[in-house]
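I have placed the structure first, in the form of structure tokens, so that the comments after it can refer back to it.
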Amino acid sequence: MAGIVELTAEQESFRRVVAEFADEVIAPQAAEFNAAGRFPVEIIRQMGEMGLFGIPFPAEYGGVDGDYLSFCLALEEIGRVDQSVGITLEAGVGLGAAPIAEFGSREQKQRWLPELLRGERLAGFGLTEPAGGTDLASATTTRAVRDGDEWVIDGGKQFITNAGTELTSLVTVTARTGPDEITAIVVPAGAEGFTVAPPYRKVGWHASDTRELTFDGVRVPVANTLGDEGAGLRQFLKILDDGRIAISALAVGMIQGCVEECVRYAGEREAFGRPIGGHQAVAFKIADMQVAAETARQYYRYACARKLAGLPYKRQAAIAKLYSTEQAVTAARQATQVFGGMGFMTETRVGRFYQDAKILEIGEGTSEVQRMIIARDLGL
Amino acid sequence: MKVLVPVKRVPDTAGEKKIDPNDRTVDRESVESVLCPVNEFAIEEAMRLKEQQDAEVTVLLVGPESAQPVVRKALSYGLDAGVQVVDDAVVGSDALGTAEVLAKALAAEEFDLVIFGNQSTDARTCLVPAAVAEILGLPALTYARHLEIDGDQITVHREHEEGWDVVESSLPAVVSVVEAINEPRYPSFKGIMAAKSKPLEVRSLDDLDVDTSRVGSDNAAAIMYEFRDRPPKEPGTIVEDDGSGAAATQLADWLVEKKFV
């Protein structure tokens with residue numbers, strides 16, 4: 001198949017609308033809600049009305065029958081102006097709704113999905129524990145024990161996105177249900193014994209909601225089991241492959257945002273008798289950012305096209321995530337340098353990107369995990 | 001209820017526009033074409049009538065085939081159908097010629113209400129809505145900043161410099177809305193994807209029985225004889241504050257002189 005992915009006329013129209021929304025609604029408020037560490041609930045609701053939380057899901061359950069690439073376009077355009085709002089959408093769709101849509105029964109989908117896909121409610125995905133994340137098989141200590149037709153869950157999860165917002169309705173939890181068995185179970189918000197800690201103090205993503213969760217004898221019906229008992233490990237690997245493409249789109253948005261901000265600033269700011277963009281030391285940095293944006297964009301879209309065509313895409317998703325997030329960290333560092341002292345101020349977009357970039361190399365599989373996947377695929 | 005929303009394709013409002021010295025029209029190649037931003041307020045008002053009173057809304061555009069994406073853009077807000085008048089004879093029409101074509105196109109449809117934006121961001125004549133109403137012999141309720149429909153009655157708040165007047169009429173009627181009337185929504189993903197399969201009918205001047213001696217650049221009553229570049233921006237007035245309070249008086253005098261207060 002072709003390597004270069006062209007957007008359809010509708011995808012392009014959609015991308016433009018999201019770009020306008022990002023520039024007109026999100027960007028003017030971003031400095032303020034990031035400084036306050038406030039979850040921008042009104043913006044999230046408006047994104048829900050635009051159908052952004054329902055894109056890659058069937059209309060039957062409240063989705064809008066869209067494609068995964070369109071979802072990535074939305075992430076790219078939102079990530080271009082604010083990463084906190086971007087990750088809220090990415091996690092809401094990719095980690096919140098997707099496990100239920102992919103592995104839930106018809107009845108479970110009818111029950112939980114419509115509100116999630118309309119963006120009226122959010123769900124979290126409780127996977128990472130203090131002992132680890134991607135190494136799920138050995139890191140999971142949270143246990144679920146059968147008691148009649150109920151699960152009794154004990155344990156804890158950490159760094160869980162969208163787990164404590166005023167919109168959060170449930171968290172899907174991976175729990176050990178046997179010596180070599182992990183099972184995904186849906187725990188409704190507010191269940192007795194389910195405690196959500198206050199928001200973390202993070203290096204970046206200040207306006208996104210991230211929580212530590214504790215389960216102390218939490219009882220939920222066995223009917224809340226997502227898919228087969230013991231299927232948790234396999235399910236989570238599938239969810240993370242898709243998530244890597246989405247995180248890549250978010251990273252591409254950041255790189256493009258760095259380019260935009262730097263082109264504007266380098267044209268206005270003068271030093272040594274001319275705009276700083278007239279100095280190669282600055283202009284070349286920005287040119288390198290554009291190279292990164294365009295190559296990373298084409299690659300994540302290629303990974304996405306393979307997914308949509310039903311071809312294997314595990315390696316491509318890992319390459320997309322690895323490449324684009326490492327480039328995003330570089331771009332944010334260089335953009336901050338272009339801005340000089342102003343770049344160290346969180347009131348600037350590039351200053352916030354500098355804070356937000358690092359987590360992209362960590363969340364949904366670290367760079368090391370991506371290299372491990374690629375190396376394994378090479379037979380190493 | 002049936003509502004028609006005439007829309008216009010305009011050069012991007014934020015873009016730097018150039019005039020083609022040969023035919024003295026905007027050089028369309030030099031700037032991107034978009035749905036006129038003022039039309040978004042008319043579309044939003046029509047969408048509210050669709051949601052609250054189950055109105056059926058059709059968008060109407062006069063313009064070349066290449067303007068079709070603008071019709072689709074309007075449809076992406078959730079409107080039901082589109083009509084596009086495509087005819088080379090329309091090229092270069094002034095406000096009256098355009099009103100002539102729009103009136104014929106509207107007359108060919110069934111409607112209770114026509115909702116215009118009060119002006120387009122390129123020409124800004126504000127003439128077309130009233131001219132269309134005049135040609136059709138319908139009440140014109142222009143500059144509406146509020147609109148209410150009750151049965152076959154329409155009430156609008158007509159904006160002017162000192163506030164607004166309450167204007168009522170029976171339907172069918174023609175209204176034009178100002179930007180204060182609402183806050184337009186963004187098209188939804190569903191709306192954008194559905195726009196491509198909404199019915200869109202294309203008509204020629206012949207289909208609409210338009211008298212071609214009244215349209216086109218040759219028959220335009222408004223003629224552009226000359227155009228000049230925008231004059232360079234003049235330097236602003238700097239009011240120095242010497243701590244005596246004189247600066248405040250100076251500032252107040254300046255505001256009064258410029259009629260800002």
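By convention here, the chains of the structure tokens are called A, B, ... in the order presented, each chain's residues are numbered starting at 1, and ligands are numbered starting at 1 in the order presented.
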Might you pull out every residue within 7 Å of region 137-152 of chain B, with only C-alpha atoms counted and same-chain residues fewer than 4 positions away left off, and present them as a PyMOL selection string? chain B and resi 118+130+133+156-159+169-178+180-181
Please produce an output containing N, CA, C and O atoms for each residue in the selection, written as a CSV table (one decimal), in the first residue's frame.
chain,number,residue,atom,x,y,z
B,118,ASN,N,-26.7,39.9,7.7
B,118,ASN,CA,-27.0,41.3,7.3
B,118,ASN,C,-26.1,41.8,6.3
B,118,ASN,O,-26.4,42.8,5.6
B,130,ALA,N,-32.8,43.3,1.9
B,130,ALA,CA,-34.0,44.2,1.7
B,130,ALA,C,-34.4,44.1,0.2
B,130,ALA,O,-35.6,44.2,-0.1
B,133,ALA,N,-36.4,41.0,-0.5
B,133,ALA,CA,-37.7,41.1,0.1
B,133,ALA,C,-38.6,42.0,-0.8
B,133,ALA,O,-39.8,41.7,-1.0
B,156,VAL,N,-38.9,40.3,15.7
B,156,VAL,CA,-37.5,40.5,15.8
B,156,VAL,C,-37.1,41.7,16.6
B,156,VAL,O,-38.0,42.7,16.7
B,157,HIS,N,-36.0,41.7,17.2
B,157,HIS,CA,-35.4,42.9,17.8
B,157,HIS,C,-34.5,43.5,16.7
B,157,HIS,O,-33.4,42.9,16.4
B,158,ARG,N,-34.8,44.7,16.1
B,158,ARG,CA,-34.1,45.2,15.0
B,158,ARG,C,-33.0,46.2,15.6
B,158,ARG,O,-33.4,47.2,16.3
B,159,GLU,N,-31.8,45.9,15.4
B,159,GLU,CA,-30.7,46.6,16.1
B,159,GLU,C,-30.4,48.0,15.4
B,159,GLU,O,-30.5,48.0,14.2
B,169,SER,N,-44.2,40.8,12.2
B,169,SER,CA,-44.9,40.7,10.9
B,169,SER,C,-45.4,39.3,10.8
B,169,SER,O,-45.2,38.4,11.7
B,170,SER,N,-46.2,39.0,9.7
B,170,SER,CA,-46.6,37.7,9.5
B,170,SER,C,-45.6,37.0,8.6
B,170,SER,O,-44.8,37.6,8.0
B,171,LEU,N,-45.7,35.7,8.6
B,171,LEU,CA,-44.9,34.9,7.6
B,171,LEU,C,-45.7,34.7,6.3
B,171,LEU,O,-46.9,34.7,6.4
B,172,PRO,N,-45.0,34.5,5.2
B,172,PRO,CA,-43.6,34.4,5.0
B,172,PRO,C,-42.9,35.8,5.1
B,172,PRO,O,-43.6,36.8,4.8
B,173,ALA,N,-41.6,35.8,5.5
B,173,ALA,CA,-40.9,37.0,5.6
B,173,ALA,C,-39.4,36.8,5.3
B,173,ALA,O,-39.0,35.6,5.3
B,174,VAL,N,-38.7,37.9,5.1
B,174,VAL,CA,-37.3,37.8,4.9
B,174,VAL,C,-36.6,38.6,6.1
B,174,VAL,O,-37.0,39.7,6.4
B,175,VAL,N,-35.7,37.9,6.8
B,175,VAL,CA,-35.0,38.6,7.9
B,175,VAL,C,-33.5,38.6,7.6
B,175,VAL,O,-33.0,37.7,6.8
B,176,SER,N,-32.8,39.5,8.1
B,176,SER,CA,-31.3,39.5,8.1
B,176,SER,C,-30.9,39.6,9.6
B,176,SER,O,-31.5,40.3,10.3
B,177,VAL,N,-29.8,38.9,9.9
B,177,VAL,CA,-29.4,38.8,11.3
B,177,VAL,C,-28.0,39.5,11.5
B,177,VAL,O,-27.2,39.4,10.6
B,178,VAL,N,-27.8,40.1,12.7
B,178,VAL,CA,-26.5,40.6,13.0
B,178,VAL,C,-25.8,39.6,13.9
B,178,VAL,O,-26.4,38.7,14.5
B,180,ALA,N,-24.8,39.8,16.9
B,180,ALA,CA,-25.1,39.7,18.3
B,180,ALA,C,-26.2,38.7,18.5
B,180,ALA,O,-26.5,38.4,19.7
B,181,ILE,N,-26.8,38.1,17.5
B,181,ILE,CA,-28.0,37.3,17.7
B,181,ILE,C,-27.8,35.9,18.4
B,181,ILE,O,-28.6,35.4,19.1
Pull out every residue of chain B sitting within 12 Å of chain A, counting only C-alpha atoms, and send them as a ChimeraX atom specification. /B:34,69-70,72-78,184-197
Output as a ChimeraX atom specification all residues of region 30-83 of chain B that backbone DSSP marks as helix (DSSP H, G or I). /B:30,39-53,65-75
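Interatomic distance, CA of Thr13 (chain B) to CA of Thr25 (chain B): 15.7 Å.
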From the list A:Asp356, A:Gly190, A:Pro275, A:Tyr68, which residue is nearest Arg301 (chain A) when using only C-alpha atoms? A:Tyr68
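Per DSSP on the backbone, strand (DSSP E) in region 194-223 of chain B comprises Leu200, Glu201, Val202 and Arg203 of chain B.
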Keeping N, CA, C and O atoms, export the residues of the selection given above as a short mmCIF file (atom, residue, chain, number, x, y, z; two decimals), in the first residue's frame.
data_model
loop_
_atom_site.label_atom_id
_atom_site.label_comp_id
_atom_site.auth_asym_id
_atom_site.auth_seq_id
_atom_site.Cartn_x
_atom_site.Cartn_y
_atom_site.Cartn_z
N LEU B 200 -28.34 17.99 -3.01
CA LEU B 200 -27.90 19.31 -3.49
C LEU B 200 -28.36 19.45 -4.94
O LEU B 200 -27.97 18.67 -5.81
N GLU B 201 -29.23 20.43 -5.16
CA GLU B 201 -29.73 20.63 -6.53
C GLU B 201 -29.03 21.82 -7.17
O GLU B 201 -28.82 22.84 -6.53
N VAL B 202 -28.69 21.64 -8.45
CA VAL B 202 -28.01 22.72 -9.18
C VAL B 202 -28.98 23.29 -10.21
O VAL B 202 -29.65 22.54 -10.92
N ARG B 203 -29.09 24.62 -10.25
CA ARG B 203 -30.01 25.25 -11.20
C ARG B 203 -29.27 26.33 -12.00
O ARG B 203 -28.33 26.94 -11.51
#
Using only C-alpha atoms for the distances, tell me which of B:Ala89, B:Ala81, B:Glu65, B:Phe111 is nearest to Val3 (chain B). B:Phe111
List the neighbours of Arg333 (chain A) out to 10 Å using only C-alpha atoms; skip same-chain residues closer than 4 positions along the sequence, and give me the result as an NGL selection string. :A and (258 or 327-329 or 337-338 or 343 or 350-351 or 353-355 or 357)
Residues at most 12 Å from Phe339 (chain A), counting only C-alpha atoms, excluding those fewer than 6 positions away in the same chain, as a PyMOL selection string? chain A and resi 258-259+261-271+276-277+282+285-286+332-333+345-346+348-351+354
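By chain and then residue number, the residues within 9 Å of Pro199 (chain B) are B:Asp80, B:Ala81, B:Gly82, B:Val83, counting only C-alpha atoms and disregarding those fewer than 6 positions away in sequence.
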Skip region 214-222 of chain B itself and residues of its chain fewer than 6 positions away, then list as a PyMOL selection string all residues within 6 Å of it, counting only C-alpha atoms. chain B and resi 89-94+97
A straight line from CA of Ala281 (chain A) to CA of Thr336 (chain A) spans 13.7 Å
